[in-house]
Amino acid sequence: RAGADASAAGRSGHGGAEAAAQQFTAEEALAVYSALKVAFAEKSFQQLLRRAEARHPHRGQRGHPDQQAFTVQLQGLVLHVLRTVMPQQPWCLQPGWEGFRQLAQRTTAVAEDPRVAQARHEVNRILGLPRNAVLKPPAEEPVVVHTPDGSGPVPKYDMLLLKDADGDLAHEFWEETKGGPMRRTLPAENEE
């Protein structure tokens, strides 16, 4: 039974070492890269990419401030695509850069396959990168991504805000007990 659980965890994209150990076939890797190519080639993504390139005309010069600024902006743009493409079925990887890391781990066995290498090169071409460039995730996924064009996601909150006696609005309220620890409370008007 434990083996079946580990196998299911690997297929779902979850499960740490088990997921990394399950290698994609060349066909599975090509399917992921194909979905990435389609998403990166979309007109809206390409417009944002061209705008970023125009803002950073010296991005190709080593050590130039445009290089780092463009890289950060490119990673932010790519992140939006990865959040959509990576969790799709049948590959079911984690959304975002974590899924991209999983893709890299799970394609090591087929990385030298000419078709897979060509698919990676095509992704680079669509992104305007050199043919053999290695797309790398940021050191850590940022909490906030600067999107001056307004392309960032807007969070949706499922809970209504509660109002306390002072008129403060929040999803929850905490108060200190006589002993010192905090406890969660409901405002008087919201309690039943």
# chains A, B, ... in the order shown; residues from 1 in each chain; ligands from 1
>>> select_by_dssp(residues="region 16-163 of chain A", states="helix (DSSP H, G or I)", output="ChimeraX atom specification")
/A:17-21,26-41,43-55,65-85,97-106,108-110,114-126
>>> residues_around(residues="region 110-117 of chain A", least_positions_apart="3", cutoff="8 Å", atoms="only C-alpha atoms", output="PyMOL selection string")
chain A and resi 24-26+29-30+107+120-121
>>> write_last_selection(atoms="C-alpha atoms", output="PDB file, in the first residue's frame")
ATOM      1  CA  PHE A  24       9.154  11.771 -17.717  1.00  0.00           C
ATOM      2  CA  THR A  25       9.339   9.989 -21.030  1.00  0.00           C
ATOM      3  CA  ALA A  26      10.414  12.097 -24.001  1.00  0.00           C
ATOM      4  CA  ALA A  29       8.421  16.165 -21.631  1.00  0.00           C
ATOM      5  CA  LEU A  30       7.490  17.273 -25.150  1.00  0.00           C
ATOM      6  CA  THR A 107      13.390  15.404 -17.537  1.00  0.00           C
ATOM      7  CA  ARG A 120      13.758  23.800 -25.031  1.00  0.00           C
ATOM      8  CA  HIS A 121      15.467  25.803 -27.802  1.00  0.00           C
TER       9      HIS A 121
END
>>> select_by_dssp(residues="chain A", states="strand (DSSP E or B)", output="PyMOL selection string")
chain A and resi 162-163+169-170+173-176+182-185
>>> write_last_selection(atoms="C-alpha atoms", output="short mmCIF file (atom, residue, chain, number, x, y, z; two decimals), in the first residue's frame")
data_model
loop_
_atom_site.label_atom_id
_atom_site.label_comp_id
_atom_site.auth_asym_id
_atom_site.auth_seq_id
_atom_site.Cartn_x
_atom_site.Cartn_y
_atom_site.Cartn_z
CA LEU A 162 -16.17 41.13 10.35
CA LYS A 163 -16.67 44.42 12.22
CA LEU A 169 -12.80 45.36 9.85
CA ALA A 170 -10.91 42.05 9.69
CA PHE A 173 -9.89 39.20 15.78
CA TRP A 174 -7.49 38.14 18.55
CA GLU A 175 -7.33 39.32 22.12
CA GLU A 176 -4.91 38.74 24.94
CA MET A 182 -3.79 35.22 22.60
CA ARG A 183 -7.18 33.73 21.72
CA ARG A 184 -9.34 34.17 18.68
CA THR A 185 -12.63 35.97 19.27
#
>>> closest_residue(among="A:Ala35, A:Arg125, A:Trp91, A:Arg50", to="Gln22 (chain A)", atoms="only C-alpha atoms")
A:Trp91
>>> atom_distance(atom1="CA of Gln23 (chain A)", atom2="CA of Leu127 (chain A)")
25.8 Å
>>> closest_residue(among="A:Lys136, A:Arg62, A:Arg131, A:Lys178", to="Glu98 (chain A)", atoms="only C-alpha atoms")
A:Lys136
>>> closest_residue(among="A:Leu161, A:Leu186, A:Ala69, A:Val32", to="Pro90 (chain A)", atoms="only C-alpha atoms")
A:Val32
>>> atom_distance(atom1="CA of Leu77 (chain A)", atom2="CA of Gln118 (chain A)")
22.4 Å
>>> closest_residue(among="A:Gln102, A:Gln88, A:Ser34, A:Thr71", to="Leu129 (chain A)", atoms="only C-alpha atoms")
A:Thr71
>>> closest_residue(among="A:Ala109, A:Val145, A:Val123, A:Ala133", to="Leu36 (chain A)", atoms="only C-alpha atoms")
A:Val123
>>> decode(residues="region 68-108 of chain A", atoms="N, CA and C atoms", output="short mmCIF file (atom, residue, chain, number, x, y, z; two decimals), in the first residue's frame")
data_model
loop_
_atom_site.label_atom_id
_atom_site.label_comp_id
_atom_site.auth_asym_id
_atom_site.auth_seq_id
_atom_site.Cartn_x
_atom_site.Cartn_y
_atom_site.Cartn_z
N GLN A 68 20.02 42.79 -14.94
CA GLN A 68 19.36 42.26 -13.74
C GLN A 68 17.89 42.66 -13.70
N ALA A 69 17.60 43.91 -14.05
CA ALA A 69 16.21 44.38 -14.01
C ALA A 69 15.34 43.59 -15.00
N PHE A 70 15.88 43.34 -16.20
CA PHE A 70 15.13 42.58 -17.19
C PHE A 70 14.92 41.14 -16.72
N THR A 71 15.96 40.55 -16.15
CA THR A 71 15.86 39.17 -15.67
C THR A 71 14.75 39.05 -14.64
N VAL A 72 14.69 39.98 -13.71
CA VAL A 72 13.64 39.96 -12.68
C VAL A 72 12.26 40.10 -13.33
N GLN A 73 12.14 41.01 -14.29
CA GLN A 73 10.85 41.20 -14.94
C GLN A 73 10.47 39.99 -15.78
N LEU A 74 11.43 39.42 -16.50
CA LEU A 74 11.17 38.21 -17.29
C LEU A 74 10.71 37.07 -16.38
N GLN A 75 11.38 36.89 -15.26
CA GLN A 75 10.99 35.83 -14.33
C GLN A 75 9.57 36.05 -13.81
N GLY A 76 9.20 37.30 -13.60
CA GLY A 76 7.83 37.60 -13.18
C GLY A 76 6.81 37.26 -14.24
N LEU A 77 7.13 37.59 -15.50
CA LEU A 77 6.23 37.26 -16.61
C LEU A 77 6.10 35.75 -16.77
N VAL A 78 7.23 35.06 -16.73
CA VAL A 78 7.24 33.61 -16.88
C VAL A 78 6.46 32.95 -15.74
N LEU A 79 6.56 33.51 -14.55
CA LEU A 79 5.86 32.96 -13.39
C LEU A 79 4.36 32.86 -13.64
N HIS A 80 3.77 33.89 -14.26
CA HIS A 80 2.33 33.86 -14.53
C HIS A 80 1.96 32.68 -15.43
N VAL A 81 2.80 32.40 -16.42
CA VAL A 81 2.54 31.27 -17.31
C VAL A 81 2.72 29.95 -16.56
N LEU A 82 3.78 29.86 -15.76
CA LEU A 82 4.06 28.61 -15.03
C LEU A 82 2.94 28.28 -14.04
N ARG A 83 2.32 29.30 -13.48
CA ARG A 83 1.22 29.06 -12.54
C ARG A 83 0.03 28.42 -13.24
N THR A 84 -0.10 28.66 -14.54
CA THR A 84 -1.21 28.10 -15.30
C THR A 84 -0.86 26.76 -15.93
N VAL A 85 0.32 26.67 -16.54
CA VAL A 85 0.68 25.49 -17.32
C VAL A 85 1.13 24.32 -16.44
N MET A 86 1.95 24.58 -15.44
CA MET A 86 2.54 23.47 -14.67
C MET A 86 1.52 22.55 -14.00
N PRO A 87 0.43 23.06 -13.42
CA PRO A 87 -0.49 22.12 -12.75
C PRO A 87 -1.45 21.39 -13.69
N GLN A 88 -1.38 21.64 -14.99
CA GLN A 88 -2.30 21.00 -15.92
C GLN A 88 -2.10 19.49 -15.94
N GLN A 89 -3.17 18.80 -16.31
CA GLN A 89 -3.08 17.36 -16.49
C GLN A 89 -2.56 17.08 -17.89
N PRO A 90 -1.83 16.07 -18.14
CA PRO A 90 -1.58 14.92 -17.28
C PRO A 90 -0.32 15.03 -16.43
N TRP A 91 0.49 16.10 -16.58
CA TRP A 91 1.77 16.14 -15.85
C TRP A 91 1.60 16.58 -14.41
N CYS A 92 0.64 17.43 -14.08
CA CYS A 92 0.27 17.79 -12.70
C CYS A 92 1.47 18.19 -11.83
N LEU A 93 2.26 19.13 -12.32
CA LEU A 93 3.38 19.64 -11.53
C LEU A 93 2.89 20.78 -10.64
N GLN A 94 3.70 21.17 -9.68
CA GLN A 94 3.35 22.28 -8.81
C GLN A 94 3.26 23.56 -9.65
N PRO A 95 2.36 24.47 -9.31
CA PRO A 95 2.30 25.72 -10.06
C PRO A 95 3.54 26.58 -9.79
N GLY A 96 3.91 27.41 -10.73
CA GLY A 96 5.00 28.35 -10.54
C GLY A 96 6.37 27.74 -10.75
N TRP A 97 7.36 28.42 -10.17
CA TRP A 97 8.75 28.01 -10.36
C TRP A 97 9.03 26.65 -9.73
N GLU A 98 8.28 26.27 -8.69
CA GLU A 98 8.49 24.95 -8.09
C GLU A 98 8.18 23.87 -9.13
N GLY A 99 7.14 24.06 -9.91
CA GLY A 99 6.81 23.12 -10.98
C GLY A 99 7.89 23.11 -12.06
N PHE A 100 8.49 24.27 -12.33
CA PHE A 100 9.57 24.33 -13.31
C PHE A 100 10.79 23.54 -12.80
N ARG A 101 11.06 23.66 -11.50
CA ARG A 101 12.15 22.87 -10.90
C ARG A 101 11.85 21.37 -11.02
N GLN A 102 10.58 20.99 -10.77
CA GLN A 102 10.18 19.59 -10.90
C GLN A 102 10.36 19.13 -12.35
N LEU A 103 9.99 19.98 -13.30
CA LEU A 103 10.15 19.63 -14.71
C LEU A 103 11.62 19.36 -15.02
N ALA A 104 12.50 20.21 -14.54
CA ALA A 104 13.93 20.02 -14.77
C ALA A 104 14.41 18.70 -14.16
N GLN A 105 13.95 18.38 -12.95
CA GLN A 105 14.35 17.14 -12.29
C GLN A 105 13.81 15.92 -13.01
N ARG A 106 12.58 16.02 -13.48
CA ARG A 106 11.91 14.85 -14.06
C ARG A 106 12.24 14.65 -15.53
N THR A 107 13.00 15.57 -16.13
CA THR A 107 13.39 15.40 -17.54
C THR A 107 14.88 15.15 -17.69
N THR A 108 15.60 14.91 -16.61
CA THR A 108 17.04 14.69 -16.73
C THR A 108 17.35 13.47 -17.58
#
